Amino acid sequence: MNTEKKIKTLIVKKPLKLDCGKTIKDFPIAYETYGSLNSKKDNAILVFHALTGDQFVSGTNPVTNKEGWWSYAVGPDKAIDTNKYFVICSNVIGGCMGSYGPSHRDPDQKIFGTNFPVITINDMVNAQYNLLDHFGINKLFSITGGSMGGMQVLQFISNFPDKSKTVIPIATTSSHSAQNIAFNELGRQAITADSNWKDGNYASNETNPGKGLAVARMAAHITYLSKKGLQEKFGRKLQEREDLKFGFDADFQIESYLRYQGSVFVDRFDANSYLYITRAMDYFDLAKQYKGNLSEAFINTKAKFFIISFTSDWLYPTQENKDIVIALNSIGADVGFVEIKSDKGHDSFLLDVPDFLNALKNFLDKSYEEN
Amino acid sequence: MKNEFQVIADLIAKDKKVLDVGCADGTLMKFLKDNKNINIRGLEISKEKVQECIAKGLTVIEGNAEKDLKQFPNKSFDYVVLSQTLQAFLNPELVLDELLRVGKKAIVTIPNFGYWKVRFHLLFKGTMPITKTLPDEWYNTPNLHMCTIKDFFHFVKSKDIKIFKSLALNNLNTSIINESNLGVKNLFADLGIFLIEK
């Protein structure tokens, strides 16, 4: 079975003006849904994925045959219970799981590569908004996502203040920090330094900048974990050997682990998409869109916010999440906040962290009861 | 629900906006939300207690009153409640000022160190008092700044804070504290409840 048949796509006819000034139309948004929309259409949750995620939130991803990226949180009887809620997730534009992106062809049938327009978080949510019309949903019950997914959550509610009852940004920020831009730049440099990248035209040259993309993934992967988590899992343990080999093979388990993470990533992700999506994250600065006052982004919404951070997340630390809480409190918005204790770093939101999953479930279910 | 919370709830009018500082497991918040249609928020330092509040469907912010009250605008709540926690802050005066800045009114309750059992304990046993409202040993108590009802009464007066109502609690008995009976109430109440405004 070919990949295209496994991917549901909505073709957006309406022109979308992008932040870069260009306009796109008749473009595909690839999406997946879980659970069923009730007759009142008031049980829909729009989930936004992070940098390397896709629309396959739960169950088995039919393209990669791996488990969906948020299987711990989404599914029957899970925190986001698909027996109760209708979950929608779509691949961001600029991505590589079916939505309009740099691996697509331009009107002249030439693969875009770096001729694809530079997209922003704002463009991503404006594109995804079309899914509400597609499903005839007037108001979502909730929007949620972690990391870059959280950025989309914040942008979505600021663009469409009355389109969701509850809003759950997780392990995120309202403006990408210098440190995070720096890490993204490291990844992009690794990709573009790969001679197989060919200025982004690797597809027509039948090459693949796999080495560069793998290095980008390895570097990024370190930022998703915590020092303590790495130390406990790997320490100085050696990889299938009794002693050091006095060479540059993977002597340590952590090296072997990172190499593996890099190699499997290359099989499922497009190098140009990595450039485009990291750029969108770097450009994200919600306060800047409102003349430096973050509160203004939320002034028109009556939605109930619940913000979650993790103690060991140094990529999107608690303080950056708390800044969003402060901006909301300063305008008297309905906002709850919890910092979850976890040694699993930024990745905590993707993993089996019971305190996190319980908080998420309780917030959703109690809010839904009050509906 | 403990009698203290019932007394606090009786001081709060229906349909108001209330912040419960140090809301613990949210018992008072839940009561106010369900029975008085209060738009209620909580601030709580303990992660476990925050989880309990979320499980009750309450809006709570994990945080520290000494640092995190400053994010709330002036007079953004009709009432701010602080139950038996003032004495545990590093700087109770600052917290009190913040409560009165954020709330149009504040309800502050204090365990009374002037209660006769406390005095009796120290006088005759010669050890730090342990009572129902002061259950901890000297070495593990969170209380840094114990005071008596009389101390607090004089303190708020000296700060030109208006006392709307001051109540003395002794088990299930509630009575009004005023200038003339202050000495007696300070001896026989184990808890003082003050409705104040600045």
# chains A, B, ... in the order shown; residues from 1 in each chain; ligands from 1
call {"tool": "residues_around", "arguments": {"residues": "Glu66 in chain B", "least_positions_apart": "3", "cutoff": "10 Å", "atoms": "only C-alpha atoms", "output": "list in words"}}
result
Gly63, Leu69, Lys70, Phe89, Leu90, Asn91, Pro92, Leu94, Val95, Leu96 and Glu98 of chain B
call {"tool": "write_last_selection", "arguments": {"atoms": "N, CA and C atoms", "output": "CSV table (one decimal), in the first residue's frame"}}
result
chain,number,residue,atom,x,y,z
B,63,GLY,N,2.2,28.2,43.1
B,63,GLY,CA,3.1,29.3,43.4
B,63,GLY,C,3.2,29.6,44.8
B,69,LEU,N,2.1,36.8,44.3
B,69,LEU,CA,0.9,37.7,44.4
B,69,LEU,C,1.0,38.9,43.5
B,70,LYS,N,2.3,39.3,43.2
B,70,LYS,CA,2.5,40.5,42.5
B,70,LYS,C,2.0,40.5,41.1
B,89,PHE,N,5.0,33.0,56.8
B,89,PHE,CA,5.8,33.7,55.7
B,89,PHE,C,7.1,34.4,56.3
B,90,LEU,N,8.1,34.6,55.5
B,90,LEU,CA,9.3,35.3,55.9
B,90,LEU,C,9.0,36.7,56.3
B,91,ASN,N,8.1,37.3,55.5
B,91,ASN,CA,7.7,38.7,55.7
B,91,ASN,C,6.2,38.9,55.7
B,92,PRO,N,5.6,38.6,56.8
B,92,PRO,CA,4.1,38.6,56.9
B,92,PRO,C,3.5,40.0,56.5
B,94,LEU,N,4.6,42.2,54.4
B,94,LEU,CA,4.6,42.4,52.9
B,94,LEU,C,3.4,41.6,52.3
B,95,VAL,N,3.2,40.4,52.8
B,95,VAL,CA,2.1,39.5,52.3
B,95,VAL,C,0.8,40.2,52.6
B,96,LEU,N,0.7,40.7,53.8
B,96,LEU,CA,-0.6,41.4,54.2
B,96,LEU,C,-0.9,42.6,53.3
B,98,GLU,N,0.2,42.9,50.2
B,98,GLU,CA,-0.2,42.4,48.9
B,98,GLU,C,-1.6,41.9,48.9
call {"tool": "closest_atom_pairs", "arguments": {"of": "chain B", "to": "chain A", "cutoff": "12 Å", "atoms": "only C-alpha atoms", "output": "Markdown table"}}
result
| residue | atom | partner | partner_atom | distance |
| --- | --- | --- | --- | --- |
| B:Lys17 | CA | A:Gly332 | CA | 10.3 |
| B:Val18 | CA | A:Gly332 | CA | 11.6 |
| B:Leu19 | CA | A:Gly332 | CA | 11.3 |
| B:Asp34 | CA | A:Glu370 | CA | 11.8 |
| B:Asn39 | CA | A:Asp334 | CA | 9.4 |
| B:Ile40 | CA | A:Asp334 | CA | 9.4 |
| B:Arg41 | CA | A:Asp334 | CA | 8.2 |
| B:Gly42 | CA | A:Gly336 | CA | 8.6 |
| B:Leu43 | CA | A:Gly336 | CA | 9.2 |
| B:Glu44 | CA | A:Val338 | CA | 9.7 |
| B:Ile45 | CA | A:Val338 | CA | 9.8 |
| B:Ser46 | CA | A:Val338 | CA | 9.9 |
| B:Lys47 | CA | A:Val338 | CA | 7.3 |
| B:Glu48 | CA | A:Asp355 | CA | 9.1 |
| B:Lys49 | CA | A:Val338 | CA | 10.5 |
| B:Val50 | CA | A:Val338 | CA | 7.1 |
| B:Gln51 | CA | A:Ala359 | CA | 6.4 |
| B:Glu52 | CA | A:Ala359 | CA | 9.1 |
| B:Cys53 | CA | A:Asn362 | CA | 9.6 |
| B:Ile54 | CA | A:Phe363 | CA | 6.0 |
| B:Ala55 | CA | A:Asn362 | CA | 5.1 |
| B:Lys56 | CA | A:Lys366 | CA | 7.4 |
| B:Gly57 | CA | A:Lys366 | CA | 5.0 |
| B:Leu58 | CA | A:Gly336 | CA | 8.4 |
| B:Thr59 | CA | A:Gly336 | CA | 5.0 |
| B:Val60 | CA | A:Gly336 | CA | 4.8 |
| B:Ile61 | CA | A:Phe337 | CA | 4.5 |
| B:Glu62 | CA | A:Val338 | CA | 5.2 |
| B:Gly63 | CA | A:Val338 | CA | 8.5 |
| B:Lys67 | CA | A:Ile326 | CA | 11.8 |
| B:Asp68 | CA | A:Ile326 | CA | 8.8 |
| B:Leu69 | CA | A:Asn329 | CA | 9.9 |
| B:Lys70 | CA | A:Ile326 | CA | 9.2 |
| B:Gln71 | CA | A:Ile326 | CA | 5.6 |
| B:Phe72 | CA | A:Ser330 | CA | 5.4 |
| B:Pro73 | CA | A:Ser330 | CA | 5.6 |
| B:Asn74 | CA | A:Ser330 | CA | 9.4 |
| B:Lys75 | CA | A:Gly332 | CA | 10.7 |
| B:Ser76 | CA | A:Gly332 | CA | 7.1 |
| B:Phe77 | CA | A:Gly332 | CA | 9.0 |
| B:Val102 | CA | A:Ser330 | CA | 10.9 |
call {"tool": "write_last_selection", "arguments": {"atoms": "C-alpha atoms", "output": "PDB file, in the first residue's frame"}}
result
ATOM      1  CA  LYS B  17     -14.565  36.836  42.665  1.00  0.00           C
ATOM      2  CA  VAL B  18     -12.315  35.306  45.316  1.00  0.00           C
ATOM      3  CA  LEU B  19      -8.635  34.322  45.534  1.00  0.00           C
ATOM      4  CA  ASP B  34     -20.728  25.087  44.652  1.00  0.00           C
ATOM      5  CA  ASN B  39     -15.626  32.773  40.723  1.00  0.00           C
ATOM      6  CA  ILE B  40     -12.785  31.199  42.655  1.00  0.00           C
ATOM      7  CA  ARG B  41      -9.025  30.967  42.107  1.00  0.00           C
ATOM      8  CA  GLY B  42      -6.397  29.375  44.306  1.00  0.00           C
ATOM      9  CA  LEU B  43      -2.680  29.846  44.852  1.00  0.00           C
ATOM     10  CA  GLU B  44      -0.887  26.881  46.392  1.00  0.00           C
ATOM     11  CA  ILE B  45       2.763  26.010  46.903  1.00  0.00           C
ATOM     12  CA  SER B  46       2.458  22.216  47.258  1.00  0.00           C
ATOM     13  CA  LYS B  47       2.446  20.199  44.030  1.00  0.00           C
ATOM     14  CA  GLU B  48       0.392  17.424  45.649  1.00  0.00           C
ATOM     15  CA  LYS B  49      -2.281  19.859  46.850  1.00  0.00           C
ATOM     16  CA  VAL B  50      -2.382  21.526  43.421  1.00  0.00           C
ATOM     17  CA  GLN B  51      -3.139  18.108  41.910  1.00  0.00           C
ATOM     18  CA  GLU B  52      -5.970  17.599  44.418  1.00  0.00           C
ATOM     19  CA  CYS B  53      -7.467  20.950  43.428  1.00  0.00           C
ATOM     20  CA  ILE B  54      -7.273  20.079  39.715  1.00  0.00           C
ATOM     21  CA  ALA B  55      -9.032  16.790  40.458  1.00  0.00           C
ATOM     22  CA  LYS B  56     -11.844  18.830  42.020  1.00  0.00           C
ATOM     23  CA  GLY B  57     -12.099  20.953  38.868  1.00  0.00           C
ATOM     24  CA  LEU B  58     -10.730  24.066  40.560  1.00  0.00           C
ATOM     25  CA  THR B  59      -8.596  26.751  38.943  1.00  0.00           C
ATOM     26  CA  VAL B  60      -5.368  26.804  40.889  1.00  0.00           C
ATOM     27  CA  ILE B  61      -1.943  28.266  40.267  1.00  0.00           C
ATOM     28  CA  GLU B  62       1.102  26.573  41.716  1.00  0.00           C
ATOM     29  CA  GLY B  63       3.097  29.310  43.365  1.00  0.00           C
ATOM     30  CA  LYS B  67       6.612  35.957  45.170  1.00  0.00           C
ATOM     31  CA  ASP B  68       3.579  35.308  43.046  1.00  0.00           C
ATOM     32  CA  LEU B  69       0.890  37.656  44.352  1.00  0.00           C
ATOM     33  CA  LYS B  70       2.539  40.539  42.542  1.00  0.00           C
ATOM     34  CA  GLN B  71       1.272  39.304  39.169  1.00  0.00           C
ATOM     35  CA  PHE B  72      -2.334  40.082  40.106  1.00  0.00           C
ATOM     36  CA  PRO B  73      -3.579  43.595  39.327  1.00  0.00           C
ATOM     37  CA  ASN B  74      -4.793  45.977  42.033  1.00  0.00           C
ATOM     38  CA  LYS B  75      -8.217  45.151  43.477  1.00  0.00           C
ATOM     39  CA  SER B  76      -8.727  42.342  40.954  1.00  0.00           C
ATOM     40  CA  PHE B  77     -10.594  40.177  43.487  1.00  0.00           C
ATOM     41  CA  VAL B 102      -4.975  42.512  45.192  1.00  0.00           C
TER      42      VAL B 102
END
call {"tool": "atom_distance", "arguments": {"atom1": "CA of Ile181 in chain A", "atom2": "CA of Asp54 in chain A"}}
result
21.8 Å
call {"tool": "select_by_dssp", "arguments": {"residues": "range 41-149 of chain B", "states": "helix (DSSP H, G or I)", "output": "PyMOL selection string"}}
result
chain B and resi 47-55+65-71+86-88+92-102+116-125+149
call {"tool": "residues_around", "arguments": {"residues": "Asp81 in chain A", "least_positions_apart": "6", "cutoff": "9 Å", "atoms": "only C-alpha atoms", "output": "PDB file with C-alpha atoms, in the first residue's frame"}}
result
ATOM      1  CA  GLY A  35     -12.827   9.121  18.464  1.00  0.00           C
ATOM      2  CA  ALA A  73      -1.785  10.808  26.462  1.00  0.00           C
ATOM      3  CA  VAL A  74      -4.284  10.165  23.673  1.00  0.00           C
ATOM      4  CA  GLY A  75      -6.481   7.100  23.174  1.00  0.00           C
ATOM      5  CA  VAL A  87      -9.305  14.425  18.558  1.00  0.00           C
ATOM      6  CA  LYS A 361      -7.136  14.173  32.357  1.00  0.00           C
ATOM      7  CA  ASP A 365     -12.853  15.866  32.261  1.00  0.00           C
TER       8      ASP A 365
END
call {"tool": "select_by_dssp", "arguments": {"residues": "range 138-261 of chain A", "states": "strand (DSSP E)", "output": "list in words"}}
result
Leu140, Phe141, Ser142, Ile143, Thr144, Gly145, Gly146, Ser164, Lys165, Thr166, Val167, Ile168, Pro169 and Ile170 of chain A
call {"tool": "write_last_selection", "arguments": {"atoms": "C-alpha atoms", "output": "short mmCIF file (atom, residue, chain, number, x, y, z; two decimals), in the first residue's frame"}}
result
data_model
loop_
_atom_site.label_atom_id
_atom_site.label_comp_id
_atom_site.auth_asym_id
_atom_site.auth_seq_id
_atom_site.Cartn_x
_atom_site.Cartn_y
_atom_site.Cartn_z
CA LEU A 140 -13.58 23.43 19.93
CA PHE A 141 -13.73 22.01 23.43
CA SER A 142 -9.98 22.27 23.77
CA ILE A 143 -6.71 22.99 22.02
CA THR A 144 -3.49 21.51 23.31
CA GLY A 145 0.08 20.66 22.43
CA GLY A 146 3.59 20.64 23.85
CA SER A 164 -11.99 27.07 22.00
CA LYS A 165 -13.45 26.64 25.47
CA THR A 166 -10.22 25.47 27.06
CA VAL A 167 -6.58 26.04 26.18
CA ILE A 168 -3.71 23.82 27.35
CA PRO A 169 -0.20 24.96 26.37
CA ILE A 170 2.42 22.49 27.63
#
call {"tool": "closest_residue", "arguments": {"among": "A:Thr33, A:Ile11, A:Lys17, A:Gly95", "to": "Arg268 in chain A", "atoms": "only C-alpha atoms"}}
result
A:Gly95
call {"tool": "atom_distance", "arguments": {"atom1": "CA of Val47 in chain A", "atom2": "CA of Cys89 in chain A"}}
result
5.0 Å
call {"tool": "decode", "arguments": {"residues": "range 147-177 of chain A", "atoms": "C-alpha atoms", "output": "short mmCIF file (atom, residue, chain, number, x, y, z; two decimals), in the first residue's frame"}}
result
data_model
loop_
_atom_site.label_atom_id
_atom_site.label_comp_id
_atom_site.auth_asym_id
_atom_site.auth_seq_id
_atom_site.Cartn_x
_atom_site.Cartn_y
_atom_site.Cartn_z
CA SER A 147 6.71 22.49 22.76
CA MET A 148 6.08 23.93 19.28
CA GLY A 149 2.57 22.50 19.68
CA GLY A 150 2.16 24.83 22.66
CA MET A 151 3.28 27.79 20.56
CA GLN A 152 0.54 26.94 18.05
CA VAL A 153 -1.96 26.70 20.92
CA LEU A 154 -1.08 30.24 22.06
CA GLN A 155 -1.14 31.61 18.52
CA PHE A 156 -4.45 29.88 17.74
CA ILE A 157 -6.33 31.33 20.71
CA SER A 158 -4.91 34.76 20.06
CA ASN A 159 -6.01 34.60 16.40
CA PHE A 160 -9.37 32.95 17.14
CA PRO A 161 -10.26 33.98 20.72
CA ASP A 162 -13.76 32.47 20.79
CA LYS A 163 -12.97 29.21 19.01
CA SER A 164 -11.99 27.07 22.00
CA LYS A 165 -13.45 26.64 25.47
CA THR A 166 -10.22 25.47 27.06
CA VAL A 167 -6.58 26.04 26.18
CA ILE A 168 -3.71 23.82 27.35
CA PRO A 169 -0.20 24.96 26.37
CA ILE A 170 2.42 22.49 27.63
CA ALA A 171 6.19 22.91 28.09
CA THR A 172 6.31 25.88 25.79
CA THR A 173 7.12 29.56 25.44
CA SER A 174 5.58 32.73 24.07
CA SER A 175 8.85 33.73 22.45
CA HIS A 176 11.77 31.59 21.34
CA SER A 177 14.85 32.25 23.48
#
